[in-house]
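Undergrad: Would you mind keeping the following structure in view while I ask a few things?
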Amino acid sequence: MNFLEEKIVKEGIVKEGNVLKVDNFLNHQMDIELFNEMGREWKKRFEGKNINKILTIEASGIGIACIAAQHFNVPVVFAKKSKSINLEGEMYTAEVESFTHKNKNQVIVAKKFLNENDRVLLIDDFLANGCALQGLIQIVQSAGATVEGIGIAIEKGFQTGGKIIRNLGYQLESLAIVDAMNAETGEILFREE
């Protein structure tokens, strides 16, 4: 069992509806030392890739991406879920559906932050159905940039997202893949890597 799986077993809570609650350390309160270890692991897994930018989606991916970016020495860009008055210029947009929030959002990245010279690592906290990642991939492609890889903290291996993204040919590195969860017993089964 790796460091993230251990943390999930120790502090994660399985809820009805295939929900894994990890807000104690991942997506509400953030364990920075854990994020640092995640960044170090992704740096190792993407060794040799010429990554010059990390792209994530607000809000839960931002903290993870920022800490990971220190290991790559690159800036982080995050796709915004709503247009604000201080967003100006041309934008890349994609529609994404959230498994957690059960809604659709237009995500936006200003064109000045992504271009054809960028070699991008996508980072996010969860991968369930893959909708958010597909939206980020679409934005990278619209910019003429290259997706060098995808780093996910927790993948729900019993949902379709991981298979869809891997079938598209991307190097997808999930630090913990949950293959089954039981809300009654709290049991979590991880994929053997």
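Each chain in the structure tokens gets a letter, A, B and so on, in the order shown; residues start at 1 in every chain, and ligands are counted from 1 in the order they appear.
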Just the residues within 7 Å of Glu95 (chain A), please, counting only C-alpha atoms, with nothing from its chain fewer than 6 positions along; format it as an MDAnalysis selection string.
TA: chainID A and resid 104:107 135
Undergrad: List the spatial neighbours of Lys53 (chain A) as a VMD selection string - criterion: any atom at most 6 Å away, only C-alpha atoms, same-chain residues fewer than 3 positions off excluded.
TA: chain A and resid 74 to 75 120
Undergrad: Just asking: which residues within chain A are helix (DSSP H, G or I) according to DSSP, as JSON, numbers by chain?
TA: {"A": [3, 4, 5, 6, 7, 8, 9, 10, 11, 32, 33, 34, 35, 36, 37, 38, 39, 40, 41, 42, 43, 44, 45, 60, 61, 62, 63, 64, 65, 66, 67, 68, 69, 70, 71, 72, 111, 112, 113, 131, 132, 133, 134, 135, 136, 137, 138, 139, 140, 141, 142, 161, 162, 163, 164, 165, 166, 167]}
Undergrad: Quick one: residues within 12 Å of Ile64 (chain A), only C-alpha atoms, excluding same-chain residues fewer than 2 positions away - as a PyMOL selection string?
TA: chain A and resi 25-40+42+54-62+66-71+76+78+122-126+151-154
Undergrad: For Glu5 (chain A), which residue among A:Thr146, A:Leu175, A:Ala180, A:Phe46 is the nearest when counting only C-alpha atoms?
TA: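 Counting only C-alpha atoms, the residue closest to Glu5 (chain A) is A:Leu175.
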Undergrad: Using only C-alpha atoms, pick whichever of A:Ile13, A:Val22, A:Ala94, A:Ile150 has the shortest atom-to-atom distance to Gln138 (chain A).
TA: A:Ala94
Undergrad: Give the strand (DSSP E or B) residues of chain A, as DSSP finds them on the backbone, and put them as a PyMOL selection string.
TA: chain A and resi 13-15+19-21+53-57+76-80+91-98+103-110+119-127+146-156+172-181+188-190
Undergrad: Could you tell me how far CA of Val19 (chain A) sits from CA of Lys7 (chain A), in Å to one decimal place?
TA: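 Computed distance, CA of Lys7 (chain A) to CA of Val19 (chain A), equals 16.3 Å.
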Undergrad: From the list A:Leu4, A:Ile108, A:Leu127, A:Ile51, which residue is nearest Ile164 (chain A) when using only C-alpha atoms?
TA: A:Leu127
Undergrad: Quick one: pull the distance between CA of Gly89 (chain A) and CA of Gln134 (chain A), Å, one decimal.
TA: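 Pair CA of Gly89 (chain A) / CA of Gln134 (chain A) returns 23.6 Å.
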Undergrad: Using only C-alpha atoms, which of A:Glu155, A:Val147, A:Gly161, A:Lys44 sits nearest Ala176 (chain A)?
TA: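 With only C-alpha atoms as the atom set, the closest residue is A:Glu155.
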Undergrad: Hey, can you check how far CA of Ala128 (chain A) sits from CA of Asn167 (chain A)?
TA: 15.0 Å
Undergrad: Check the smallest atom-to-atom distance from each of A:Met1, A:Val96, A:Val9, A:Gln171 to Ile188 (chain A) using only C-alpha atoms, then report the winner.
TA: A:Val9
Undergrad: Which is closest to Glu11 (chain A) among A:Gly186, A:Arg191, A:Glu41, A:Ile137, if we use only C-alpha atoms?
TA: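 Ranking A:Gly186, A:Arg191, A:Glu41, A:Ile137 by distance to Glu11 (chain A), first place goes to A:Gly186.
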